[in-house]
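Participant: What follows is input-v9.cif, mmCIF, C-alpha atoms.
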data_target
#
loop_
_atom_site.group_PDB
_atom_site.id
_atom_site.type_symbol
_atom_site.label_atom_id
_atom_site.label_comp_id
_atom_site.auth_asym_id
_atom_site.auth_seq_id
_atom_site.Cartn_x
_atom_site.Cartn_y
_atom_site.Cartn_z
ATOM 1 C CA MET A 1 68.158 108.373 100.982
ATOM 2 C CA LYS A 2 70.791 109.215 98.388
ATOM 3 C CA LYS A 3 74.254 107.922 99.326
ATOM 4 C CA ARG A 4 77.773 108.321 97.971
ATOM 5 C CA ILE A 5 78.928 104.730 97.605
ATOM 6 C CA VAL A 6 82.233 103.120 96.674
ATOM 7 C CA ILE A 7 81.749 99.592 95.324
ATOM 8 C CA ALA A 8 84.615 97.089 95.387
ATOM 9 C CA LEU A 9 83.949 94.388 92.795
ATOM 10 C CA GLY A 10 85.306 90.947 93.577
ATOM 11 C CA GLY A 11 86.727 88.493 91.077
ATOM 12 C CA ASN A 12 83.372 86.729 90.693
ATOM 13 C CA ALA A 13 82.065 89.918 89.082
ATOM 14 C CA LEU A 14 84.772 89.815 86.385
ATOM 15 C CA GLY A 15 85.466 86.173 85.511
ATOM 16 C CA GLU A 16 88.793 84.413 85.028
ATOM 17 C CA ASN A 17 89.583 85.324 81.415
ATOM 18 C CA LEU A 18 88.617 87.792 78.673
ATOM 19 C CA LYS A 19 85.582 85.814 77.453
ATOM 20 C CA GLU A 20 84.256 85.314 80.983
ATOM 21 C CA GLN A 21 84.988 88.957 81.815
ATOM 22 C CA MET A 22 82.892 90.266 78.924
ATOM 23 C CA ALA A 23 79.973 88.050 79.945
ATOM 24 C CA ALA A 24 80.290 88.780 83.659
ATOM 25 C CA ALA A 25 80.485 92.528 83.084
ATOM 26 C CA GLN A 26 76.957 92.508 81.666
ATOM 27 C CA GLY A 27 75.449 91.092 84.850
ATOM 28 C CA THR A 28 77.637 93.388 86.923
ATOM 29 C CA ALA A 29 76.383 96.421 84.995
ATOM 30 C CA LYS A 30 72.736 95.587 85.701
ATOM 31 C CA ALA A 31 73.319 95.366 89.455
ATOM 32 C CA ILE A 32 75.268 98.639 89.525
ATOM 33 C CA VAL A 33 72.769 100.535 87.387
ATOM 34 C CA ASP A 34 70.059 99.432 89.838
ATOM 35 C CA LEU A 35 71.879 101.587 92.403
ATOM 36 C CA VAL A 36 72.291 104.489 89.978
ATOM 37 C CA GLU A 37 68.590 104.298 89.178
ATOM 38 C CA ALA A 38 67.858 104.489 92.921
ATOM 39 C CA GLY A 39 69.655 107.857 92.983
ATOM 40 C CA HIS A 40 72.986 106.928 94.557
ATOM 41 C CA GLU A 41 76.392 108.361 93.557
ATOM 42 C CA ILE A 42 78.613 105.446 92.592
ATOM 43 C CA VAL A 43 82.352 104.912 92.309
ATOM 44 C CA ILE A 44 83.520 101.512 91.072
ATOM 45 C CA VAL A 45 86.750 99.813 92.150
ATOM 46 C CA HIS A 46 87.578 96.362 90.772
ATOM 47 C CA GLY A 47 90.088 93.602 91.318
ATOM 48 C CA ASN A 48 92.550 92.258 88.737
ATOM 49 C CA GLY A 49 94.061 89.134 90.292
ATOM 50 C CA PRO A 50 93.630 86.778 87.324
ATOM 51 C CA GLN A 51 94.081 89.518 84.719
ATOM 52 C CA VAL A 52 97.330 91.044 85.989
ATOM 53 C CA GLY A 53 98.826 87.571 86.290
ATOM 54 C CA MET A 54 97.914 86.811 82.673
ATOM 55 C CA ILE A 55 99.443 90.092 81.501
ATOM 56 C CA GLU A 56 102.679 89.440 83.374
ATOM 57 C CA THR A 57 102.880 85.867 82.051
ATOM 58 C CA ALA A 58 102.187 86.972 78.485
ATOM 59 C CA PHE A 59 105.016 89.483 78.434
ATOM 60 C CA GLU A 60 107.427 87.083 80.154
ATOM 61 C CA THR A 61 106.608 84.448 77.528
ATOM 62 C CA ALA A 62 107.086 86.964 74.713
ATOM 63 C CA ALA A 63 110.422 88.088 76.167
ATOM 64 C CA ARG A 64 111.682 84.496 76.267
ATOM 65 C CA ALA A 65 110.721 84.022 72.614
ATOM 66 C CA ASP A 66 112.148 87.375 71.484
ATOM 67 C CA PRO A 67 114.551 89.416 73.646
ATOM 68 C CA HIS A 68 113.290 92.603 71.994
ATOM 69 C CA PHE A 69 110.066 92.244 74.000
ATOM 70 C CA PRO A 70 110.384 93.826 77.451
ATOM 71 C CA ILE A 71 109.475 92.155 80.729
ATOM 72 C CA LEU A 72 107.090 94.714 82.150
ATOM 73 C CA PRO A 73 107.274 95.906 85.761
ATOM 74 C CA MET A 74 104.266 94.992 87.890
ATOM 75 C CA SER A 75 103.131 98.633 88.068
ATOM 76 C CA VAL A 76 102.783 98.721 84.271
ATOM 77 C CA CYS A 77 100.935 95.380 84.278
ATOM 78 C CA VAL A 78 98.434 96.885 86.731
ATOM 79 C CA ALA A 79 98.037 99.949 84.486
ATOM 80 C CA LEU A 80 97.300 97.697 81.500
ATOM 81 C CA SER A 81 94.735 95.737 83.501
ATOM 82 C CA GLN A 82 92.988 98.973 84.508
ATOM 83 C CA GLY A 83 92.589 99.871 80.855
ATOM 84 C CA TYR A 84 91.133 96.681 79.497
ATOM 85 C CA ILE A 85 88.918 95.833 82.483
ATOM 86 C CA GLY A 86 87.683 99.431 82.631
ATOM 87 C CA TYR A 87 86.971 99.297 78.897
ATOM 88 C CA ASP A 88 84.591 96.359 79.333
ATOM 89 C CA LEU A 89 82.964 97.781 82.450
ATOM 90 C CA GLN A 90 82.318 101.265 81.119
ATOM 91 C CA ASN A 91 80.900 99.976 77.839
ATOM 92 C CA THR A 92 78.543 97.487 79.490
ATOM 93 C CA LEU A 93 77.490 100.150 82.001
ATOM 94 C CA ARG A 94 76.785 102.638 79.218
ATOM 95 C CA ARG A 95 74.719 100.040 77.387
ATOM 96 C CA GLU A 96 72.632 99.336 80.495
ATOM 97 C CA LEU A 97 72.266 103.047 81.291
ATOM 98 C CA ASP A 98 71.129 103.764 77.734
ATOM 99 C CA PHE A 99 68.655 100.874 77.907
ATOM 100 C CA ARG A 100 67.062 102.490 80.968
ATOM 101 C CA HIS A 101 67.210 105.985 79.420
ATOM 102 C CA ILE A 102 69.690 107.235 82.035
ATOM 103 C CA SER A 103 72.150 109.792 80.643
ATOM 104 C CA THR A 104 74.847 109.461 83.339
ATOM 105 C CA PRO A 105 78.382 109.453 81.824
ATOM 106 C CA VAL A 106 80.877 106.786 82.941
ATOM 107 C CA ALA A 107 84.657 106.703 82.435
ATOM 108 C CA THR A 108 87.737 104.848 83.628
ATOM 109 C CA ILE A 109 90.485 106.767 85.416
ATOM 110 C CA VAL A 110 94.025 105.401 85.273
ATOM 111 C CA THR A 111 94.610 105.662 88.999
ATOM 112 C CA GLN A 112 97.880 105.759 90.946
ATOM 113 C CA VAL A 113 97.831 104.700 94.599
ATOM 114 C CA GLU A 114 100.662 105.772 96.858
ATOM 115 C CA VAL A 115 102.325 103.191 99.104
ATOM 116 C CA ASP A 116 105.126 103.407 101.620
ATOM 117 C CA PRO A 117 108.312 101.927 100.060
ATOM 118 C CA MET A 118 109.319 100.841 103.592
ATOM 119 C CA ASP A 119 106.071 98.896 104.099
ATOM 120 C CA PRO A 120 107.063 95.487 105.557
ATOM 121 C CA ALA A 121 104.760 93.845 102.994
ATOM 122 C CA PHE A 122 107.575 94.181 100.451
ATOM 123 C CA LEU A 123 109.527 91.631 102.504
ATOM 124 C CA ASN A 124 106.609 89.192 102.717
ATOM 125 C CA PRO A 125 104.699 88.750 99.420
ATOM 126 C CA THR A 126 101.112 87.580 100.081
ATOM 127 C CA LYS A 127 98.880 88.910 97.271
ATOM 128 C CA PRO A 128 97.729 86.143 94.872
ATOM 129 C CA ILE A 129 97.869 86.901 91.145
ATOM 130 C CA GLY A 130 97.187 84.830 88.065
ATOM 131 C CA GLY A 131 95.213 81.601 87.889
ATOM 132 C CA PHE A 132 95.292 78.587 90.193
ATOM 133 C CA ILE A 133 98.057 76.034 89.689
ATOM 134 C CA THR A 134 98.830 72.561 91.016
ATOM 135 C CA GLU A 135 101.173 71.956 93.909
ATOM 136 C CA THR A 136 103.695 70.458 91.464
ATOM 137 C CA GLU A 137 103.589 73.596 89.318
ATOM 138 C CA ALA A 138 103.931 75.687 92.469
ATOM 139 C CA GLU A 139 107.101 73.799 93.411
ATOM 140 C CA VAL A 140 108.597 74.579 89.983
ATOM 141 C CA LEU A 141 107.944 78.296 90.483
ATOM 142 C CA ARG A 142 109.325 78.186 94.026
ATOM 143 C CA SER A 143 112.527 76.540 92.732
ATOM 144 C CA LYS A 144 112.953 79.575 90.456
ATOM 145 C CA GLY A 145 112.633 81.967 93.394
ATOM 146 C CA ILE A 146 109.051 82.991 92.566
ATOM 147 C CA PRO A 147 106.911 83.201 95.725
ATOM 148 C CA VAL A 148 103.784 81.014 95.797
ATOM 149 C CA MET A 149 101.181 80.213 98.422
ATOM 150 C CA GLU A 150 98.121 78.044 98.970
ATOM 151 C CA ASP A 151 95.068 80.289 98.540
ATOM 152 C CA ALA A 152 92.307 79.632 101.109
ATOM 153 C CA GLY A 153 91.926 75.956 100.206
ATOM 154 C CA ARG A 154 91.321 76.709 96.537
ATOM 155 C CA GLY A 155 94.732 75.850 95.087
ATOM 156 C CA TRP A 156 98.193 77.362 94.636
ATOM 157 C CA ARG A 157 98.950 80.779 93.142
ATOM 158 C CA GLN A 158 101.876 83.106 92.563
ATOM 159 C CA VAL A 159 102.045 85.922 95.115
ATOM 160 C CA VAL A 160 103.528 89.429 95.085
ATOM 161 C CA ALA A 161 103.942 92.154 97.694
ATOM 162 C CA SER A 162 100.706 93.846 98.798
ATOM 163 C CA PRO A 163 101.466 97.080 100.691
ATOM 164 C CA ARG A 164 98.658 99.139 102.226
ATOM 165 C CA PRO A 165 97.557 102.271 100.335
ATOM 166 C CA VAL A 166 98.339 105.601 101.990
ATOM 167 C CA ASN A 167 96.897 107.958 99.363
ATOM 168 C CA ILE A 168 94.920 107.972 96.105
ATOM 169 C CA ILE A 169 96.707 110.384 93.750
ATOM 170 C CA GLU A 170 93.682 111.034 91.538
ATOM 171 C CA ALA A 171 91.169 111.437 94.415
ATOM 172 C CA GLU A 172 90.374 115.047 93.477
ATOM 173 C CA THR A 173 89.683 114.055 89.868
ATOM 174 C CA ILE A 174 87.289 111.378 91.103
ATOM 175 C CA LYS A 175 85.505 113.921 93.320
ATOM 176 C CA ALA A 176 85.200 116.293 90.363
ATOM 177 C CA MET A 177 83.584 113.550 88.279
ATOM 178 C CA LEU A 178 81.068 112.867 91.026
ATOM 179 C CA ALA A 179 80.292 116.570 91.342
ATOM 180 C CA ALA A 180 79.586 116.568 87.590
ATOM 181 C CA GLY A 181 77.139 113.685 87.970
ATOM 182 C CA GLN A 182 79.391 111.045 86.422
ATOM 183 C CA ILE A 183 80.368 107.472 87.359
ATOM 184 C CA PRO A 184 84.127 106.945 87.830
ATOM 185 C CA ILE A 185 85.769 103.533 87.508
ATOM 186 C CA ALA A 186 88.895 104.090 89.595
ATOM 187 C CA ALA A 187 91.750 102.389 91.468
ATOM 188 C CA GLY A 188 91.292 99.311 89.297
ATOM 189 C CA GLY A 189 93.216 96.323 90.565
ATOM 190 C CA GLY A 190 93.879 98.302 93.737
ATOM 191 C CA GLY A 191 95.531 101.074 91.731
ATOM 192 C CA ILE A 192 98.985 101.423 90.193
ATOM 193 C CA PRO A 193 101.371 101.188 93.173
ATOM 194 C CA VAL A 194 103.636 104.247 93.320
ATOM 195 C CA ALA A 195 105.932 105.898 95.852
ATOM 196 C CA MET A 196 107.538 109.321 95.901
ATOM 197 C CA GLN A 197 111.168 109.054 94.821
ATOM 198 C CA ASP A 198 113.392 111.885 93.536
ATOM 199 C CA SER A 199 110.450 114.332 93.650
ATOM 200 C CA GLN A 200 108.205 112.187 91.445
ATOM 201 C CA TYR A 201 105.955 109.166 91.741
ATOM 202 C CA ARG A 202 107.602 105.951 90.587
ATOM 203 C CA GLY A 203 105.996 102.556 90.103
ATOM 204 C CA GLN A 204 106.578 99.848 92.701
ATOM 205 C CA SER A 205 106.708 96.075 92.252
ATOM 206 C CA ALA A 206 103.471 95.227 94.008
ATOM 207 C CA VAL A 207 99.733 94.742 93.682
ATOM 208 C CA ILE A 208 97.539 96.560 96.185
ATOM 209 C CA ASP A 209 94.484 94.788 97.549
ATOM 210 C CA LYS A 210 91.478 96.412 95.872
ATOM 211 C CA ASP A 211 89.399 96.289 99.064
ATOM 212 C CA PHE A 212 91.938 98.421 100.960
ATOM 213 C CA SER A 213 92.220 100.863 98.061
ATOM 214 C CA ALA A 214 88.436 101.093 97.893
ATOM 215 C CA ALA A 215 88.357 101.823 101.625
ATOM 216 C CA LYS A 216 91.009 104.543 101.312
ATOM 217 C CA LEU A 217 89.253 106.077 98.300
ATOM 218 C CA ALA A 218 85.895 106.016 100.107
ATOM 219 C CA GLU A 219 87.513 107.824 103.018
ATOM 220 C CA LEU A 220 89.145 110.494 100.833
ATOM 221 C CA ILE A 221 86.041 111.333 98.790
ATOM 222 C CA GLY A 222 83.717 111.474 101.794
ATOM 223 C CA ALA A 223 81.657 108.400 100.903
ATOM 224 C CA ASP A 224 78.740 107.365 103.090
ATOM 225 C CA MET A 225 79.123 103.672 102.394
ATOM 226 C CA LEU A 226 81.691 101.136 101.216
ATOM 227 C CA ILE A 227 80.246 98.025 99.591
ATOM 228 C CA ILE A 228 82.596 95.075 99.252
ATOM 229 C CA LEU A 229 81.132 92.469 96.935
ATOM 230 C CA THR A 230 82.159 88.862 97.274
ATOM 231 C CA ALA A 231 81.014 85.289 96.585
ATOM 232 C CA VAL A 232 78.794 84.938 99.672
ATOM 233 C CA GLU A 233 75.722 86.835 100.845
ATOM 234 C CA LYS A 234 77.015 87.466 104.373
ATOM 235 C CA VAL A 235 80.115 87.160 106.514
ATOM 236 C CA ALA A 236 80.211 84.022 108.663
ATOM 237 C CA ILE A 237 82.046 82.796 111.717
ATOM 238 C CA ASN A 238 83.030 79.124 112.051
ATOM 239 C CA PHE A 239 82.766 79.050 108.250
ATOM 240 C CA GLY A 240 82.324 75.543 106.828
ATOM 241 C CA LYS A 241 81.825 73.986 110.279
ATOM 242 C CA PRO A 242 78.663 72.481 111.795
ATOM 243 C CA ASP A 243 78.215 75.571 113.996
ATOM 244 C CA GLN A 244 78.655 78.057 111.124
ATOM 245 C CA LYS A 245 76.820 81.321 111.809
ATOM 246 C CA TRP A 246 75.972 84.043 109.286
ATOM 247 C CA LEU A 247 76.308 87.586 110.602
ATOM 248 C CA ASP A 248 73.778 90.326 109.847
ATOM 249 C CA ALA A 249 75.786 93.064 111.568
ATOM 250 C CA LEU A 250 79.177 93.697 113.142
ATOM 251 C CA THR A 251 80.655 96.534 115.131
ATOM 252 C CA VAL A 252 84.298 97.394 114.620
ATOM 253 C CA GLU A 253 85.158 95.937 118.019
ATOM 254 C CA GLU A 254 83.308 92.689 117.298
ATOM 255 C CA ALA A 255 85.056 92.388 113.941
ATOM 256 C CA LYS A 256 88.455 92.917 115.571
ATOM 257 C CA GLN A 257 87.671 90.207 118.130
ATOM 258 C CA TYR A 258 86.740 87.719 115.405
ATOM 259 C CA ILE A 259 89.964 88.574 113.570
ATOM 260 C CA ALA A 260 91.925 87.856 116.758
ATOM 261 C CA GLU A 261 90.172 84.473 116.852
ATOM 262 C CA ASN A 262 91.284 83.753 113.239
ATOM 263 C CA GLN A 263 87.661 83.492 112.076
ATOM 264 C CA PHE A 264 88.325 84.870 108.587
ATOM 265 C CA ALA A 265 90.469 83.242 105.876
ATOM 266 C CA LYS A 266 93.584 85.253 105.013
ATOM 267 C CA GLY A 267 93.233 84.950 101.248
ATOM 268 C CA SER A 268 89.485 85.487 101.229
ATOM 269 C CA MET A 269 87.293 87.205 103.841
ATOM 270 C CA LEU A 270 89.977 88.642 106.133
ATOM 271 C CA PRO A 271 91.084 91.574 103.899
ATOM 272 C CA LYS A 272 87.440 92.445 103.219
ATOM 273 C CA VAL A 273 86.628 92.713 106.922
ATOM 274 C CA GLN A 274 89.873 94.612 107.578
ATOM 275 C CA ALA A 275 89.095 97.063 104.767
ATOM 276 C CA ALA A 276 85.589 97.592 106.157
ATOM 277 C CA ILE A 277 87.072 98.333 109.592
ATOM 278 C CA SER A 278 89.569 100.765 108.045
ATOM 279 C CA PHE A 279 86.848 102.775 106.303
ATOM 280 C CA VAL A 280 84.375 102.827 109.180
ATOM 281 C CA SER A 281 87.067 103.775 111.724
ATOM 282 C CA ALA A 282 88.781 106.527 109.700
ATOM 283 C CA GLY A 283 88.566 110.207 110.565
ATOM 284 C CA THR A 284 86.895 111.845 113.530
ATOM 285 C CA GLN A 285 84.396 110.165 115.829
ATOM 286 C CA THR A 286 81.549 112.010 114.099
ATOM 287 C CA GLU A 287 82.732 110.904 110.657
ATOM 288 C CA ALA A 288 83.167 107.307 111.796
ATOM 289 C CA VAL A 289 79.660 107.094 113.255
ATOM 290 C CA SER A 290 78.133 108.270 109.960
ATOM 291 C CA ARG A 291 79.883 105.603 107.877
ATOM 292 C CA THR A 292 78.845 102.040 107.156
ATOM 293 C CA ALA A 293 80.382 99.180 105.223
ATOM 294 C CA LEU A 294 78.472 96.329 103.616
ATOM 295 C CA ILE A 295 79.802 92.923 102.580
ATOM 296 C CA THR A 296 77.498 90.892 100.346
ATOM 297 C CA LEU A 297 76.845 89.365 96.924
ATOM 298 C CA LEU A 298 76.761 91.577 93.846
ATOM 299 C CA GLN A 299 73.152 90.589 93.156
ATOM 300 C CA LYS A 300 72.168 91.528 96.720
ATOM 301 C CA ALA A 301 73.789 94.980 96.840
ATOM 302 C CA LYS A 302 70.524 96.906 96.481
ATOM 303 C CA ASP A 303 68.825 94.816 99.169
ATOM 304 C CA GLY A 304 71.893 95.229 101.384
ATOM 305 C CA ILE A 305 71.736 99.031 101.185
ATOM 306 C CA GLU A 306 68.097 98.775 102.267
ATOM 307 C CA GLY A 307 69.108 96.632 105.250
ATOM 308 C CA LYS A 308 67.482 93.436 103.957
ATOM 309 C CA THR A 309 70.607 91.280 103.699
ATOM 310 C CA GLY A 310 74.405 91.255 103.766
ATOM 311 C CA THR A 311 76.668 92.022 106.718
ATOM 312 C CA ILE A 312 76.693 95.645 107.842
ATOM 313 C CA ILE A 313 79.806 96.913 109.678
ATOM 314 C CA THR A 314 79.372 100.002 111.828
ATOM 315 C CA HIS A 315 81.477 101.922 114.333
#
Just dump the structure as structure tokens.

Facilitator:
Amino acid sequence: MKKRIVIALGGNALGENLKEQMAAAQGTAKAIVDLVEAGHEIVIVHGNGPQVGMIETAFETAARADPHFPILPMSVCVALSQGYIGYDLQNTLRRELDFRHISTPVATIVTQVEVDPMDPAFLNPTKPIGGFITETEAEVLRSKGIPVMEDAGRGWRQVVASPRPVNIIEAETIKAMLAAGQIPIAAGGGGIPVAMQDSQYRGQSAVIDKDFSAAKLAELIGADMLIILTAVEKVAINFGKPDQKWLDALTVEEAKQYIAENQFAKGSMLPKVQAAISFVSAGTQTEAVSRTALITLLQKAKDGIEGKTGTIITH
């Protein structure tokens, strides 16, 4: 059955640098075009953790070398990351579509995502950006007043505020593209964080988690399914322990109980499960019952839609 699907691409689908990104995008395109070929409507949301950190660092380094170079606000860094990641994705998708003789257009939308400027997240930065660093390097950054945190056992990273999205400004444009039979790449890096100030949207110093933005976008465009792609085939409880258990399915209530038990790592699986809950629970009871979320590997997305693998989250 044809579905309207929002896909949230994890970092493993994009690589850690420009060379890796260009290579990874080719494999990503094949998996996504499999879904297009099956007749589904697709919207693509992607992360930008490594990329936005590199952009910020590059401009800071340039500004130190030459004061004429500006230090860019985080909102502008996110906008830049949307452009160059979208550029690679849309070109590799077009190449794969052409190879299969599919004439579906694809384009990147520079997407603004509204946040609440009073969101408490601004007082507690938790969103990792940039590459992994050593604990010694982390201490140097901390001494300069730059927040850092240990990221799910994988190393240290700089962190910024990560408020929850409350609206996708370009949602109607995305719906229009879908109605025209096109593939939008939208809310890249979680979207450019903006808030209404003085009767206009102004950029905020933050990076929005792409999984939450994907969930909000899926809600606003009336998607049937949210697919959150990650580095594992299924969600697990007691992860990494002798009694580890992979989960084929979760209800919202079961997922909430596992969250209360601290089963999911904060910098890894937790936001994905929370985003899935947000999408499946949104709207009326009737709307919620008709929605599903899937968490799985990129290469397993097609099988997951068919119920063969992955973790399905339902109301």

Participant: Applied to this file, what does the PyMOL selection byres ((chain A and resi 300) around 12) return in terms of residues, put as a PyMOL selection string?

Facilitator: chain A and resi 28+30-32+34-35+227-234+294-299+301-311

Participant: Around stretch 84-98 of chain A, with edges along x, y and z and 3 Å added on all six sides, what centre and edge lengths do you get, in Å to one decimal, as lines of an AutoDock Vina configuration file?

Facilitator:
center_x = 81.1
center_y = 99.8
center_z = 80.0
size_x = 26.0
size_y = 13.9
size_z = 11.2

Participant: Just so the selection is clear, what residues does the PyMOL selection byres ((chain A and resi 218) around 10) cover here, as a PyMOL selection string?

Facilitator: chain A and resi 4-7+43+171+212-217+219-227+279-280+291

Participant: Got time to write the residues from that selection, C-alpha atoms, as a tab-separated table (two decimals), keeping the file's coordinate frame?

Facilitator:
chain	number	residue	atom	x	y	z
A	4	ARG	CA	77.77	108.32	97.97
A	5	ILE	CA	78.93	104.73	97.60
A	6	VAL	CA	82.23	103.12	96.67
A	7	ILE	CA	81.75	99.59	95.32
A	43	VAL	CA	82.35	104.91	92.31
A	171	ALA	CA	91.17	111.44	94.42
A	212	PHE	CA	91.94	98.42	100.96
A	213	SER	CA	92.22	100.86	98.06
A	214	ALA	CA	88.44	101.09	97.89
A	215	ALA	CA	88.36	101.82	101.62
A	216	LYS	CA	91.01	104.54	101.31
A	217	LEU	CA	89.25	106.08	98.30
A	219	GLU	CA	87.51	107.82	103.02
A	220	LEU	CA	89.14	110.49	100.83
A	221	ILE	CA	86.04	111.33	98.79
A	222	GLY	CA	83.72	111.47	101.79
A	223	ALA	CA	81.66	108.40	100.90
A	224	ASP	CA	78.74	107.36	103.09
A	225	MET	CA	79.12	103.67	102.39
A	226	LEU	CA	81.69	101.14	101.22
A	227	ILE	CA	80.25	98.02	99.59
A	279	PHE	CA	86.85	102.78	106.30
A	280	VAL	CA	84.38	102.83	109.18
A	291	ARG	CA	79.88	105.60	107.88

Participant: Would you pick out the contacts of A:Asp151 at 8 Å or less, using all atoms listed in the file, so that residues sharing its chain but fewer than 6 positions from it are not included, and give the list as a ChimeraX atom specification?

Facilitator: /A:128,157,267

Participant: Give one line per residue of stretch 171-192 of chain A that approaches stretch 113-117 of chain A to at most 8 Å, naming the two atoms of the closest pair and their distance in Å to one decimal, counting only C-alpha atoms; sort by chain then ascending residue number and deliver it as a Markdown table.

Facilitator:
| residue | atom | partner | partner_atom | distance |
| --- | --- | --- | --- | --- |
| A:Ala187 | CA | A:Val113 | CA | 7.2 |
| A:Gly190 | CA | A:Val113 | CA | 7.6 |
| A:Gly191 | CA | A:Val113 | CA | 5.2 |
| A:Ile192 | CA | A:Val113 | CA | 5.6 |

Participant: Excluding A:Glu96 and any residue of its chain fewer than 5 positions from it, enumerate the residues within 9 Å of it, using all atoms listed in the file, and give them as a VMD selection string.

Facilitator: chain A and resid 26 29 to 30 33 91 101 to 102

Participant: In terms of the shortest atom-to-atom distance over all atoms listed in the file, which of A:Ile312, A:Val110, A:Ala206, A:Ile71 is closest to A:Leu123?

Facilitator: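 Comparing A:Ile312, A:Val110, A:Ala206, A:Ile71 against A:Leu123, the winner is A:Ala206.
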
Participant: Point out the residue among A:Ala265, A:Met54, A:Ala107, A:Ala23 with the least atom-to-atom distance to A:Asn238, counting only C-alpha atoms.

Facilitator: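 Smallest separation from A:Asn238 among the options: A:Ala265.
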
Participant: Do you know which residues are at most 12 Å from A:Glu172 counting all atoms listed in the file, after dropping those on the same chain fewer than 2 positions away, and could you put them as JSON, numbers by chain?

Facilitator: {"A": [109, 111, 167, 168, 169, 170, 174, 175, 176, 177, 178, 179, 184, 186, 217, 220, 221, 222]}

Participant: Using only C-alpha atoms, which residue out of A:Thr126, A:Gln21, A:Thr173, A:Ser143 lies closest to A:Asp209?

Facilitator: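 Smallest separation from A:Asp209 among the options: A:Thr126.
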
Participant: Could you pull the residues within 8 Å of A:Asn17, counting all atoms listed in the file, minus those fewer than 3 positions along the same chain, as a PyMOL selection string?

Facilitator: chain A and resi 20-21+50-51

Participant: Applying 12 Å and all atoms listed in the file, which residues near A:Tyr84 remain after dropping the ones on its own chain fewer than 2 positions away? List them as a list in words.

Facilitator: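 Residues near the query, excluding close chain neighbours: Leu14, Asn17, Leu18, Gln21, Met22, Ala25, His46, Asn48, Gln51, Val52, Ile55, Cys77, Val78, Ala79, Leu80, Ser81, Gln82, Gly86, Tyr87, Asp88, Leu89, Gln90, Asn91, Thr108, Ile109, Val110, Ile185, Gly188 and Gly189 of chain A.
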
Participant: Please write the residues picked by the PyMOL selection byres ((chain A and resi 246-251) around 6) on this file as a ChimeraX atom specification.

Facilitator: /A:235-236,245,252-254,311-315

Participant: Those residues you just picked out, can you put them in a file as an mmCIF file, in the frame of the given file with C-alpha atoms?

Facilitator:
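Saved to part.cif:
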data_model
loop_
_atom_site.group_PDB
_atom_site.id
_atom_site.type_symbol
_atom_site.label_atom_id
_atom_site.label_comp_id
_atom_site.auth_asym_id
_atom_site.auth_seq_id
_atom_site.Cartn_x
_atom_site.Cartn_y
_atom_site.Cartn_z
ATOM 1 C CA VAL A 235 80.115 87.160 106.514
ATOM 2 C CA ALA A 236 80.211 84.022 108.663
ATOM 3 C CA LYS A 245 76.820 81.321 111.809
ATOM 4 C CA VAL A 252 84.298 97.394 114.620
ATOM 5 C CA GLU A 253 85.158 95.937 118.019
ATOM 6 C CA GLU A 254 83.308 92.689 117.298
ATOM 7 C CA THR A 311 76.668 92.022 106.718
ATOM 8 C CA ILE A 312 76.693 95.645 107.842
ATOM 9 C CA ILE A 313 79.806 96.913 109.678
ATOM 10 C CA THR A 314 79.372 100.002 111.828
ATOM 11 C CA HIS A 315 81.477 101.922 114.333
#

Participant: Provide the atom CA of A:Glu56 to atom CA of A:Leu141 distance in Å, to one decimal place.

Facilitator: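 Between atom CA of A:Glu56 and atom CA of A:Leu141 the gap is 14.2 Å.
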
Participant: Measure the distance from atom CA of A:Glu37 to atom CA of A:Ala275 in Å and round it to one decimal.

Facilitator: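 These atoms are spaced 26.8 Å apart.
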
Participant: One decimal, Å: what's the distance from atom CA of A:Val106 over to atom CA of A:Gly130, could you say?

Facilitator: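 Atom CA of A:Gly130 lies at a distance of 27.8 Å from atom CA of A:Val106.
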
Participant: Smallest atom-to-atom distance to A:Gly153: which of A:Gly181, A:Pro271, A:Gly283, A:Gly240, using all atoms listed in the file?

Facilitator: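 Using all atoms listed in the file, A:Gly153 sits closest to A:Gly240.
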
Participant: Hey, which of A:Gln112, A:Thr57, A:Gln257, A:Ser103 ends up closest to A:Gly203? Count only C-alpha atoms.

Facilitator: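 Distance minimum relative to A:Gly203 lands on A:Gln112.
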